[in-house]
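One file, query28.cif, carrying mmCIF, C-alpha atoms:
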data_model
loop_
_atom_site.group_PDB
_atom_site.id
_atom_site.type_symbol
_atom_site.label_atom_id
_atom_site.label_comp_id
_atom_site.auth_asym_id
_atom_site.auth_seq_id
_atom_site.Cartn_x
_atom_site.Cartn_y
_atom_site.Cartn_z
ATOM 1 C CA MET A 1 154.899 84.700 -52.819
ATOM 2 C CA VAL A 2 156.195 87.240 -50.380
ATOM 3 C CA ALA A 3 154.146 85.699 -47.564
ATOM 4 C CA GLY A 4 155.513 82.272 -48.457
ATOM 5 C CA SER A 5 159.108 83.323 -48.297
ATOM 6 C CA ARG A 6 158.472 85.212 -45.078
ATOM 7 C CA ARG A 7 157.018 82.099 -43.511
ATOM 8 C CA GLU A 8 160.041 80.104 -44.515
ATOM 9 C CA THR A 9 162.458 82.495 -42.917
ATOM 10 C CA GLU A 10 160.410 83.290 -39.827
ATOM 11 C CA MET A 11 159.085 79.836 -39.005
ATOM 12 C CA PRO A 12 159.968 78.926 -35.437
ATOM 13 C CA ASP A 13 162.480 76.105 -35.367
ATOM 14 C CA ASP A 14 164.237 74.080 -32.697
ATOM 15 C CA SER A 15 166.862 76.714 -32.044
ATOM 16 C CA ASN A 16 166.730 78.390 -28.666
ATOM 17 C CA ALA A 17 165.477 81.855 -27.926
ATOM 18 C CA LYS A 18 168.401 84.250 -27.874
ATOM 19 C CA SER A 19 167.009 86.928 -25.641
ATOM 20 C CA MET A 20 164.723 87.392 -22.664
ATOM 21 C CA SER A 21 163.082 90.303 -20.925
ATOM 22 C CA ILE A 22 161.654 90.419 -17.426
ATOM 23 C CA ILE A 23 159.398 93.074 -15.947
ATOM 24 C CA VAL A 24 160.200 93.215 -12.238
ATOM 25 C CA THR A 25 157.360 94.651 -10.169
ATOM 26 C CA LYS A 26 157.991 93.384 -6.645
ATOM 27 C CA GLY A 27 160.688 94.300 -4.157
ATOM 28 C CA THR A 28 160.334 92.065 -1.118
ATOM 29 C CA LEU A 29 163.063 89.589 -0.210
ATOM 30 C CA ASP A 30 161.134 86.578 -1.516
ATOM 31 C CA TRP A 31 159.983 88.149 -4.772
ATOM 32 C CA ALA A 32 163.458 89.458 -5.539
ATOM 33 C CA TYR A 33 164.668 85.922 -6.201
ATOM 34 C CA PRO A 34 162.777 84.716 -9.294
ATOM 35 C CA PRO A 35 163.796 87.604 -11.583
ATOM 36 C CA PHE A 36 167.470 87.598 -10.556
ATOM 37 C CA ILE A 37 167.772 83.796 -10.651
ATOM 38 C CA LEU A 38 166.231 83.623 -14.116
ATOM 39 C CA ALA A 39 168.159 86.615 -15.446
ATOM 40 C CA THR A 40 171.569 85.371 -14.287
ATOM 41 C CA THR A 41 170.880 81.828 -15.473
ATOM 42 C CA ALA A 42 169.638 82.959 -18.880
ATOM 43 C CA ALA A 43 172.699 85.180 -19.253
ATOM 44 C CA ALA A 44 174.921 82.228 -18.328
ATOM 45 C CA MET A 45 173.139 80.208 -21.009
ATOM 46 C CA GLY A 46 174.029 82.778 -23.618
ATOM 47 C CA LEU A 47 170.840 84.829 -23.773
ATOM 48 C CA GLU A 48 170.787 88.584 -23.918
ATOM 49 C CA VAL A 49 168.721 89.663 -20.916
ATOM 50 C CA THR A 50 166.850 92.890 -20.199
ATOM 51 C CA MET A 51 165.285 93.586 -16.804
ATOM 52 C CA PHE A 52 162.781 96.406 -16.487
ATOM 53 C CA PHE A 53 162.231 97.501 -12.879
ATOM 54 C CA THR A 54 158.989 99.237 -12.093
ATOM 55 C CA PHE A 55 157.004 100.152 -8.978
ATOM 56 C CA TYR A 56 158.210 98.161 -5.958
ATOM 57 C CA GLY A 57 160.675 96.275 -8.120
ATOM 58 C CA LEU A 58 162.633 99.504 -8.364
ATOM 59 C CA THR A 59 163.906 99.091 -4.797
ATOM 60 C CA LEU A 60 165.994 96.163 -6.058
ATOM 61 C CA LEU A 61 168.242 98.640 -7.857
ATOM 62 C CA LYS A 62 169.018 100.735 -4.790
ATOM 63 C CA LYS A 63 172.672 100.872 -3.713
ATOM 64 C CA ASP A 64 171.704 99.883 -0.207
ATOM 65 C CA LEU A 65 169.544 96.824 -0.423
ATOM 66 C CA ASN A 66 167.533 96.329 2.722
ATOM 67 C CA LEU A 67 165.034 93.756 1.585
ATOM 68 C CA LYS A 68 162.393 92.523 3.957
ATOM 69 C CA ILE A 69 159.650 89.957 4.120
ATOM 70 C CA ASN A 70 156.477 89.728 6.174
ATOM 71 C CA PRO A 71 154.042 86.793 6.117
ATOM 72 C CA LEU A 72 151.035 89.085 6.701
ATOM 73 C CA GLY A 73 148.272 88.037 4.338
ATOM 74 C CA ASN A 74 150.388 85.270 2.829
ATOM 75 C CA ALA A 75 148.757 82.096 4.098
ATOM 76 C CA ALA A 76 151.077 79.969 1.971
ATOM 77 C CA MET A 77 154.212 81.123 3.755
ATOM 78 C CA GLU A 78 155.374 78.377 6.076
ATOM 79 C CA MET A 79 158.729 78.058 7.774
ATOM 80 C CA PRO A 80 160.254 74.694 8.618
ATOM 81 C CA MET A 81 160.169 74.253 12.359
ATOM 82 C CA GLY A 82 160.845 71.242 14.555
ATOM 83 C CA GLY A 83 160.457 68.775 11.692
ATOM 84 C CA GLY A 84 157.135 70.307 10.579
ATOM 85 C CA HIS A 85 156.049 73.622 9.124
ATOM 86 C CA MET A 86 154.624 76.648 10.866
ATOM 87 C CA ALA A 87 152.701 79.570 9.440
ATOM 88 C CA MET A 88 152.525 82.823 11.387
ATOM 89 C CA PRO A 89 148.959 83.924 12.161
ATOM 90 C CA ASN A 90 148.097 87.317 10.672
ATOM 91 C CA ILE A 91 147.531 88.832 14.087
ATOM 92 C CA LEU A 92 151.169 88.052 15.014
ATOM 93 C CA ALA A 93 152.490 89.074 11.610
ATOM 94 C CA ALA A 94 150.899 92.486 12.186
ATOM 95 C CA MET A 95 152.755 93.015 15.490
ATOM 96 C CA PRO A 96 155.703 95.402 15.704
ATOM 97 C CA GLY A 97 158.943 93.561 15.026
ATOM 98 C CA ALA A 98 157.315 90.746 13.044
ATOM 99 C CA THR A 99 158.894 91.958 9.791
ATOM 100 C CA ALA A 100 162.376 92.157 11.317
ATOM 101 C CA LEU A 101 161.975 88.750 12.926
ATOM 102 C CA THR A 102 160.691 87.025 9.767
ATOM 103 C CA THR A 103 163.366 88.689 7.646
ATOM 104 C CA ALA A 104 166.121 87.570 10.012
ATOM 105 C CA MET A 105 164.759 84.015 10.067
ATOM 106 C CA MET A 106 164.511 83.859 6.287
ATOM 107 C CA LYS A 107 168.003 85.269 5.720
ATOM 108 C CA ASN A 108 169.437 82.863 8.282
ATOM 109 C CA MET A 109 167.720 79.908 6.640
ATOM 110 C CA MET A 110 168.933 80.966 3.180
ATOM 111 C CA LYS A 111 172.495 81.278 4.386
ATOM 112 C CA LYS A 112 172.358 77.851 6.008
ATOM 113 C CA LYS A 113 171.005 76.248 2.836
ATOM 114 C CA GLY A 114 173.574 77.848 0.514
ATOM 115 C CA VAL A 115 171.097 80.118 -1.256
ATOM 116 C CA ALA A 116 172.773 83.102 -2.896
ATOM 117 C CA SER A 117 172.013 86.542 -1.508
ATOM 118 C CA ILE A 118 170.220 89.037 -3.725
ATOM 119 C CA GLU A 119 173.313 91.261 -3.508
ATOM 120 C CA GLU A 120 175.389 88.439 -4.982
ATOM 121 C CA LEU A 121 172.881 87.611 -7.720
ATOM 122 C CA ARG A 122 172.582 91.271 -8.652
ATOM 123 C CA GLU A 123 176.354 91.574 -8.903
ATOM 124 C CA LEU A 124 176.437 88.494 -11.109
ATOM 125 C CA ALA A 125 173.715 90.003 -13.286
ATOM 126 C CA VAL A 126 175.726 93.205 -13.734
ATOM 127 C CA GLU A 127 178.852 91.178 -14.446
ATOM 128 C CA ALA A 128 176.966 89.156 -17.075
ATOM 129 C CA GLU A 129 175.948 92.421 -18.740
ATOM 130 C CA VAL A 130 172.244 92.011 -18.059
ATOM 131 C CA LYS A 131 170.603 95.276 -19.118
ATOM 132 C CA LEU A 132 169.008 96.943 -16.103
ATOM 133 C CA ILE A 133 166.363 99.537 -16.859
ATOM 134 C CA ALA A 134 164.718 101.609 -14.149
ATOM 135 C CA CYS A 135 161.227 102.904 -14.833
ATOM 136 C CA GLN A 136 161.510 106.689 -15.079
ATOM 137 C CA MET A 137 157.891 107.271 -14.051
ATOM 138 C CA THR A 138 158.308 105.230 -10.862
ATOM 139 C CA MET A 139 161.589 107.005 -10.106
ATOM 140 C CA ASP A 140 159.709 110.306 -10.245
ATOM 141 C CA LEU A 141 156.668 108.972 -8.403
ATOM 142 C CA PHE A 142 158.628 107.656 -5.427
ATOM 143 C CA GLU A 143 161.205 110.449 -5.619
ATOM 144 C CA TYR A 144 164.232 108.246 -6.148
ATOM 145 C CA ARG A 145 167.351 109.871 -7.508
ATOM 146 C CA LYS A 146 169.656 108.151 -9.951
ATOM 147 C CA GLU A 147 172.405 108.479 -7.298
ATOM 148 C CA ASP A 148 170.350 106.219 -5.014
ATOM 149 C CA MET A 149 170.697 103.443 -7.562
ATOM 150 C CA ILE A 150 173.625 101.249 -8.523
ATOM 151 C CA ASP A 151 175.846 102.324 -11.405
ATOM 152 C CA GLY A 152 175.262 101.083 -14.900
ATOM 153 C CA ILE A 153 171.487 101.241 -15.000
ATOM 154 C CA ALA A 154 169.515 102.932 -17.747
ATOM 155 C CA LEU A 155 166.336 104.938 -17.327
ATOM 156 C CA GLY A 156 163.396 104.279 -19.566
ATOM 157 C CA GLY A 157 159.661 104.005 -19.971
ATOM 158 C CA ALA A 158 157.109 101.561 -21.283
ATOM 159 C CA ALA A 159 158.208 102.103 -24.879
ATOM 160 C CA THR A 160 161.757 101.111 -23.941
ATOM 161 C CA TRP A 161 160.521 97.757 -22.650
ATOM 162 C CA VAL A 162 158.132 97.195 -25.578
ATOM 163 C CA ASP A 163 160.974 97.860 -27.995
ATOM 164 C CA ALA A 164 163.202 95.347 -26.186
ATOM 165 C CA ALA A 165 160.347 92.844 -25.907
ATOM 166 C CA THR A 166 159.683 92.822 -29.644
ATOM 167 C CA ARG A 167 163.184 91.437 -30.084
ATOM 168 C CA CYS A 168 162.959 88.899 -27.242
ATOM 169 C CA GLY A 169 161.885 85.286 -27.543
ATOM 170 C CA ILE A 170 160.935 85.150 -23.862
ATOM 171 C CA ASN A 171 159.099 87.931 -22.035
ATOM 172 C CA LEU A 172 158.221 87.515 -18.376
ATOM 173 C CA TYR A 173 156.265 89.593 -15.880
ATOM 174 C CA ILE A 174 157.135 88.991 -12.250
ATOM 175 C CA MET B 1 191.586 64.059 -16.592
ATOM 176 C CA ALA B 2 189.893 67.407 -16.106
ATOM 177 C CA ASP B 3 191.704 70.644 -16.935
ATOM 178 C CA MET B 4 189.821 72.356 -14.114
ATOM 179 C CA VAL B 5 187.766 71.160 -11.165
ATOM 180 C CA LEU B 6 184.943 73.330 -9.826
ATOM 181 C CA ASP B 7 183.694 72.696 -6.322
ATOM 182 C CA ALA B 8 180.028 73.744 -6.286
ATOM 183 C CA LYS B 9 179.057 71.550 -3.371
ATOM 184 C CA ASP B 10 176.517 72.935 -0.883
ATOM 185 C CA LEU B 11 175.432 75.626 -3.347
ATOM 186 C CA THR B 12 171.841 75.832 -4.530
ATOM 187 C CA CYS B 13 170.299 76.893 -7.817
ATOM 188 C CA PRO B 14 171.419 78.896 -9.744
ATOM 189 C CA LEU B 15 174.954 79.152 -8.320
ATOM 190 C CA PRO B 16 176.406 75.852 -9.634
ATOM 191 C CA ILE B 17 175.420 76.828 -13.190
ATOM 192 C CA LEU B 18 176.669 80.412 -12.805
ATOM 193 C CA ARG B 19 180.002 79.229 -11.395
ATOM 194 C CA ALA B 20 180.321 76.628 -14.146
ATOM 195 C CA LYS B 21 179.723 79.259 -16.799
ATOM 196 C CA LYS B 22 182.449 81.423 -15.279
ATOM 197 C CA ALA B 23 184.852 78.479 -15.120
ATOM 198 C CA LEU B 24 184.199 77.537 -18.759
ATOM 199 C CA LYS B 25 185.162 81.058 -19.801
ATOM 200 C CA GLU B 26 188.654 80.347 -18.464
ATOM 201 C CA LEU B 27 188.994 77.228 -20.570
ATOM 202 C CA ALA B 28 189.851 76.957 -24.240
ATOM 203 C CA PRO B 29 187.495 75.009 -26.531
ATOM 204 C CA GLY B 30 187.982 71.276 -26.115
ATOM 205 C CA MET B 31 189.240 71.547 -22.547
ATOM 206 C CA ILE B 32 187.490 69.637 -19.789
ATOM 207 C CA LEU B 33 185.757 71.032 -16.715
ATOM 208 C CA GLU B 34 184.671 68.809 -13.854
ATOM 209 C CA VAL B 35 181.891 70.187 -11.666
ATOM 210 C CA GLN B 36 181.103 68.722 -8.276
ATOM 211 C CA ALA B 37 177.673 69.574 -6.876
ATOM 212 C CA THR B 38 175.237 68.420 -4.219
ATOM 213 C CA ASP B 39 172.119 70.217 -5.471
ATOM 214 C CA PRO B 40 169.644 67.432 -6.373
ATOM 215 C CA GLY B 41 168.407 69.608 -9.245
ATOM 216 C CA ALA B 42 171.896 69.759 -10.757
ATOM 217 C CA PRO B 43 171.686 66.719 -13.102
ATOM 218 C CA ARG B 44 168.696 68.119 -14.957
ATOM 219 C CA ASP B 45 170.077 71.663 -14.896
ATOM 220 C CA PHE B 46 173.498 70.713 -16.228
ATOM 221 C CA GLU B 47 171.927 68.686 -19.033
ATOM 222 C CA ALA B 48 169.816 71.718 -19.981
ATOM 223 C CA PHE B 49 172.735 74.118 -19.628
ATOM 224 C CA CYS B 50 174.993 72.050 -21.854
ATOM 225 C CA ARG B 51 172.284 71.482 -24.465
ATOM 226 C CA THR B 52 171.542 75.209 -24.711
ATOM 227 C CA THR B 53 175.112 76.451 -24.661
ATOM 228 C CA GLY B 54 176.619 73.862 -27.001
ATOM 229 C CA ASN B 55 178.956 72.432 -24.400
ATOM 230 C CA ASP B 56 179.384 68.692 -24.307
ATOM 231 C CA LEU B 57 178.251 66.860 -21.176
ATOM 232 C CA VAL B 58 180.660 63.961 -21.571
ATOM 233 C CA GLU B 59 179.805 62.158 -18.376
ATOM 234 C CA GLN B 60 177.777 62.479 -15.213
ATOM 235 C CA ARG B 61 177.739 60.267 -12.177
ATOM 236 C CA GLU B 62 176.691 60.352 -8.566
ATOM 237 C CA ASP B 63 178.743 59.043 -5.700
ATOM 238 C CA GLY B 64 177.826 59.379 -2.045
ATOM 239 C CA GLY B 65 175.415 62.275 -2.611
ATOM 240 C CA ILE B 66 177.870 64.196 -4.785
ATOM 241 C CA TYR B 67 177.214 64.704 -8.479
ATOM 242 C CA TYR B 68 180.173 64.810 -10.840
ATOM 243 C CA PHE B 69 179.770 66.413 -14.261
ATOM 244 C CA THR B 70 182.411 66.225 -16.948
ATOM 245 C CA ILE B 71 181.917 69.024 -19.453
ATOM 246 C CA ARG B 72 183.931 69.587 -22.614
ATOM 247 C CA HIS B 73 184.003 73.249 -23.534
ATOM 248 C CA GLY B 74 182.215 73.564 -26.861
ATOM 249 C CA GLY B 75 183.776 76.953 -27.651
#
Would you write out, as structure tokens, the structure that this file holds?
Amino acid sequence: MVAGSRRETEMPDDSNAKSMSIIVTKGTLDWAYPPFILATTAAAMGLEVTMFFTFYGLTLLKKDLNLKINPLGNAAMEMPMGGGHMAMPNILAAMPGATALTTAMMKNMMKKKGVASIEELRELAVEAEVKLIACQMTMDLFEYRKEDMIDGIALGGAATWVDAATRCGINLYI
Amino acid sequence: MADMVLDAKDLTCPLPILRAKKALKELAPGMILEVQATDPGAPRDFEAFCRTTGNDLVEQREDGGIYYFTIRHGG
């Protein structure tokens, strides 16, 4: 009887999920995009969004964002060049200056194509009241201070995310 | 006739949607927003956005590589 009535009230229906959480574990320029694009879009579509930043993802909360990208070990990273695509051989990607060069090329290409900067997306996330939680353990591990981070973030641990996740219809790990 | 026109041309995902959301906030329920975009993913995205948010996608058309979306604010 009780089970029956529970099923009736908790049966998934066609209505949309109303909240989403994302665990953000990576902090390079390329990997910064998926979590911020999804978070801002979900917020714009009326979802309550929680982002939990841990390990390298934590750098995305720093006041001074200086995100970089290097193709080393990423054989799938090709840049459009002269009508085709070029991948940088690992031996070149390991040379001094390769990170700065690749980062500059990527940022230039993004600007030309009208892709939002991470700074802009992060601002939009804050504006849309996306909850930003920094992993306390990682803060301690990497010796970040709360003053290094943008205003308005909360500190928390695994339990904080699990608690949020139990109330979210969509939970992502990026 | 639109109550507001949003120029989202030359912007890529997710900016047209984010700008549209911001623009809709300025409009009262029932008012009309026209969005102009060039992102080829925009038609599918605006359909999804409107379906999820309860706004009414009254009309969409494409002319010379520019997509025009007429959205009635659902409130």
**OP:** Give as a list in words the residues that the PyMOL selection byres ((chain A and resi 72-87) around 12) matches when applied to the coordinates above.
**Re:** Asp30, Ile69, Asn70, Pro71, Met88, Pro89, Asn90, Ile91, Leu92, Ala93, Ala94, Met95, Pro96, Ala98, Thr99, Thr102, Thr103, Met105, Met106, Lys107, Asn108, Met109 and Met110 of chain A
Counting only C-alpha atoms, what are the residues of chain A within 9 Å of chain B, and for each of them which pair of atoms is the nearest and at what distance in Å, to one decimal? Sort the table by chain and rising number, as CSV.
residue,atom,partner,partner_atom,distance
A:Ser15,CA,B:Thr52,CA,8.8
A:Asn16,CA,B:Thr52,CA,7.0
A:Ile37,CA,B:Pro14,CA,6.2
A:Leu38,CA,B:Pro14,CA,8.3
A:Thr40,CA,B:Leu18,CA,7.3
A:Thr41,CA,B:Pro14,CA,6.5
A:Ala43,CA,B:Leu18,CA,8.9
A:Ala44,CA,B:Lys21,CA,5.8
A:Met45,CA,B:Thr53,CA,5.6
A:Gly46,CA,B:Thr53,CA,6.5
A:Lys113,CA,B:Thr12,CA,7.4
A:Gly114,CA,B:Leu11,CA,4.8
A:Val115,CA,B:Thr12,CA,5.4
A:Ala116,CA,B:Leu15,CA,7.1
A:Leu121,CA,B:Leu15,CA,8.7
A:Leu124,CA,B:Leu18,CA,8.3
Original post:
Near B:Leu57, within 10 Å and counting all atoms listed in the file, which residues show up once chain neighbours fewer than 6 positions away are dropped, as a list in words?
Top reply: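 The neighbour list is Ile32, Leu33, Glu34, Phe46, Glu47, Ala48, Phe49, Cys50, Arg51, Phe69, Thr70, Ile71, Arg72, His73 and Gly74 of chain B.
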Original post:
Could you write out as an NGL selection string the residues that the PyMOL selection byres ((chain A and resi 67) around 8) matches in the shown file?
Top reply: :A and (27-29 or 65-66 or 68-69)
**OP:** Starting from the displayed file, determine the output of the PyMOL selection byres ((chain A and resi 49) around 8) and express the residue list as an MDAnalysis selection string.
**Re:** chainID A and resid 19:22 39 42:43 47:48 50:51 130:131
**OP:** Report the distance between atom CA of A:Tyr173 and atom CA of A:Ile23 in Å, rounded to one decimal place.
**Re:** 4.7 Å
